[in-house]
Every structure is written in structure tokens, then in C-alpha cells.
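Engineer: Sharing a structure below in C-alpha cells format, with a few things to ask.
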Amino acid sequence: MTRDRPAVSALAAPIPTPAPAPAGRGASLALAAGIAVATAVDVVAVGHAALVADDARALAIDGTAHVVASLVLSVLLWRTLPASLRAPRGPAIAALVTLNLFVPTLAAWVRGAVAIGQRFARAVDDAPIGLVDAPEYTSTRERDPTGVRAGQMRAQLTSGEAPPSARLSALLSIQDAPGRITSDILRQLLTDPFEDIRLLAYGMLDKKEKSVSQRILAEQAALAEAQADGADPTGRPDRLHGAHKRLAELQWELVYQKLVQGDLLRFTAREAWRHAHDALALRDDDAGLWYLVGRLGLEADEPAAGRAALERAAGLGFPRERLVPWLAEYAFRERRFDEVRTLFASLATPPDALRVAAAYAYWKF
């Protein structure tokens, strides 16, 4: 048996839509002719307007002709543009009309530039993607070029033979470097004979100092608020501990980055020492804060308490290899050189920091 298909009315059958016929040579010639005519009308209208500038009626006629010619020319030129430049249609035509209104025939010149760009455009292939070997991890650096670059930069900045423009460029290149590295150089440049270098060095130092000082003022306000707030007695100790700790760290930042000197340095170190101990009075199990106190002891003239703070940090689990350079510094200042050698010998690998690595190499060998 065969199943009969249901009859479909001829009127219900879909009528195929004929595909648009491609534009032939005749259409291209007609389009080119239209562009030529519109351009010619535009040129004649603008040229005639220049000749009869005193005749208002003639100017009105020429202006109307220029507007109409710009509209027709822009539409015709839009039809010749590549598909990627024709969308969206309205803004594209409006841009061509605007160009042609302000500069007659400029739209045609733009279309010519697009044609030249298409003619000489090169297809650039994407770079091939390949696989590379995974980098080998090393726990220590074989060489640290930072010190070499810093030495070269210092020599260029302080050289009286280098041209001022080169010295200014070198000075600008270190404006984002840590203050620990650049503060000494900048202070030395404050007496430079070249005024622009003096002003720039002063501005860079002042910016670094103000950046930390503004954060200190904000933390002091937070500390005062925590001291005055009695609404949350259970969370108040944690807030006070955090405020004192942040103030100690910021005060130490001024010292560490060498942004303070002389009496101000000693005062800042004492302030950091006071805030650190206020924080430890609220919570004494903060190994990082004990480590900070240990470093502060060198600047606050508290060698015994600073050394004890480093030992306390070690007892709370702070990494021993980070404490050794500071313990060695305390031992060196107390002229216990055998202990310095013993401390550096206890390190399994050389330190990463360039200056500490140099001390390690000297005392171990």
C-alpha cells in the first residue's frame, strides 16, 4: 500500500522570492555618472556663489543647489562604500553630508581615500601559537640587577657632566620607585645647581611624605572615634588594637622610607614604638607586630627591648630567616661579632635582598 500525500492548494504553496539580481556593468556606470553629475553641480554651485557674493537671491539658489547636491552625492557615495562602513546607514550618510556641506566635494575625496586604502591593504596573518617549556622555579635569585640600575641612576643624577634634560628624564623615571631607594638621592638633589631638578626632587619627596601623613591623620581620627565609642564594648578592643597597629605601621613607614630625619626621625620612631605597645597591650599574640617592634628598637634606642621582641616573634611562629638580619644588626652594634657570624651561618640559603646578601657573604665566609 502506498500512502497518499494530502493535496496542497497551489494558492497555499509558498511562492519563492527571487534573489536580487547583482548590479551589472550598466548599474555601476549609472552610479558613477550620478556621482560625477552631483559633484559637478556642487562645484558649479559653490563656484558661482563665490562670484556673486553680493546677490542674496543668487546665493540662496546656489546654497540650495549645494545642499541638494551634497545629499544626492552622499547617498550615491554611501552605496559604493564597503559593507563594513555602510552600517548604520543613517549616521554614515549624515557624516558624508556633513563633510560635504562644510567642505564641498570632501565626501568624494573621503571615498577615494577609502578605495586607495582597500587597494593597498595587506592581509596580516596572526602569529602562530606555539608551546614553550614551563619556566624553572628557583628559590633565590642568581643576580639582582636592581642595585646595578640604582647605582647607574644615582651616578647619572649626581653627575655634573650629564645634560640637564637627561638628568630630568632620569629623575622622572624614579618617581614611582620606593622611597627606601630614592629618598637619599632626592635629598642630595635638593642642593643641585639646576633649579628644575631641585624643585622636582622636593616635589617628589613632599608627595611621598604627604601620602603617608594623610593616612596617619585618617587613622588618628579612627583611633579617637574608637576610644570615644562605648556602644560596642565587645568589639572595642579589636578596633583599638587595629587602629594602634596601623598607626605604628604608618609611622614606621616614614622611618623606613627615609622620609624623616634627625629629631623628627627619633620622634616618629618613638610614636611608632608607643602605638605598637598599645596594640600589644590589647593583644600580645601578634607575631608581625612583635617583628615591627624589633625593627623599631634600632631607631627608638631600645636595643634590649627590640631584641627581646624579635625573639618573641620567633616564639610565635614568625619565619626565623627574616629575623636573622635584624638580630645580626643588634649583635653587630653590641660588638658581638662571633654571634653575627653564627646567625648568618644558620641561614640555609642566601637572602634575596641585595644588601643583606652582601652582609651574608661577608660574615659567612
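We label chains A, B, ... in the order they appear in the C-alpha cells, count residues from 1 in each chain, and number ligands from 1 in the order shown.
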Determine, counting only C-alpha atoms, which protein, DNA and RNA residues have an atom within 10 Å of an atom of A:Leu289; residues of the same chain fewer than 5 positions away are not included. Present the result as an NGL selection string.

Structural biologist: :A and (245-246 or 248-249 or 276-277 or 279-280 or 283-284 or 294-295 or 309-310 or 313)

Engineer: With N, CA and C atoms retained, write the just-selected residues as a CSV table (one decimal), in the first residue's frame.

Structural biologist:
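Produced file selection.csv, reproduced below:
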chain,number,residue,atom,x,y,z
A,245,LYS,N,47.8,49.5,65.7
A,245,LYS,CA,48.7,48.7,64.9
A,245,LYS,C,48.9,49.5,63.5
A,246,ARG,N,47.9,49.9,62.9
A,246,ARG,CA,48.0,50.7,61.7
A,246,ARG,C,48.8,51.9,61.9
A,248,ALA,N,51.2,52.4,64.1
A,248,ALA,CA,52.6,52.0,64.3
A,248,ALA,C,53.2,51.7,62.9
A,249,GLU,N,52.5,51.0,62.1
A,249,GLU,CA,53.0,50.6,60.8
A,249,GLU,C,53.2,51.9,59.9
A,276,ALA,N,52.7,50.7,68.9
A,276,ALA,CA,52.9,49.2,68.8
A,276,ALA,C,52.7,48.6,70.2
A,277,HIS,N,53.2,49.2,71.2
A,277,HIS,CA,53.0,48.6,72.5
A,277,HIS,C,51.6,48.8,73.0
A,279,ALA,N,49.0,48.5,71.1
A,279,ALA,CA,48.3,47.5,70.4
A,279,ALA,C,48.6,46.1,71.0
A,280,LEU,N,49.9,45.9,71.4
A,280,LEU,CA,50.3,44.6,72.1
A,280,LEU,C,49.6,44.5,73.4
A,283,ARG,N,46.4,42.9,72.6
A,283,ARG,CA,46.5,41.5,72.1
A,283,ARG,C,48.0,41.2,71.8
A,284,ASP,N,48.6,40.4,72.6
A,284,ASP,CA,50.0,40.2,72.6
A,284,ASP,C,50.5,38.9,71.8
A,294,GLY,N,60.6,44.9,67.0
A,294,GLY,CA,62.0,44.5,67.0
A,294,GLY,C,62.8,45.4,66.0
A,295,ARG,N,62.2,45.8,64.9
A,295,ARG,CA,62.9,46.7,64.0
A,295,ARG,C,62.9,48.1,64.5
A,309,ALA,N,61.8,41.5,71.5
A,309,ALA,CA,60.6,41.5,70.7
A,309,ALA,C,60.9,40.6,69.5
A,310,LEU,N,62.1,40.6,68.9
A,310,LEU,CA,62.3,39.6,67.8
A,310,LEU,C,62.3,38.2,68.3
A,313,ALA,N,58.7,37.2,68.6
A,313,ALA,CA,58.1,37.0,67.3
A,313,ALA,C,58.5,35.6,66.8

Engineer: Could you name the residues that touch A:Ala92 at 10 Å or less, counting only C-alpha atoms, but leaving out those on the same chain fewer than 5 positions away, as a ChimeraX atom specification?

Structural biologist: /A:74-75,78,81,85-87,97

Engineer: For A:Val340, please output as an NGL selection string all residues within 12 Å (counting only C-alpha atoms; exclusion window: fewer than 2 positions along the same chain).

Structural biologist: :A and (324-338 or 342-347 or 359-360 or 362-364)

Engineer: Between atom CA of A:Asp278 and atom CA of A:Ala243, what is the distance, to one decimal in Å?

Structural biologist: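 Calculated distance between atom CA of A:Asp278 and atom CA of A:Ala243 is 9.8 Å.
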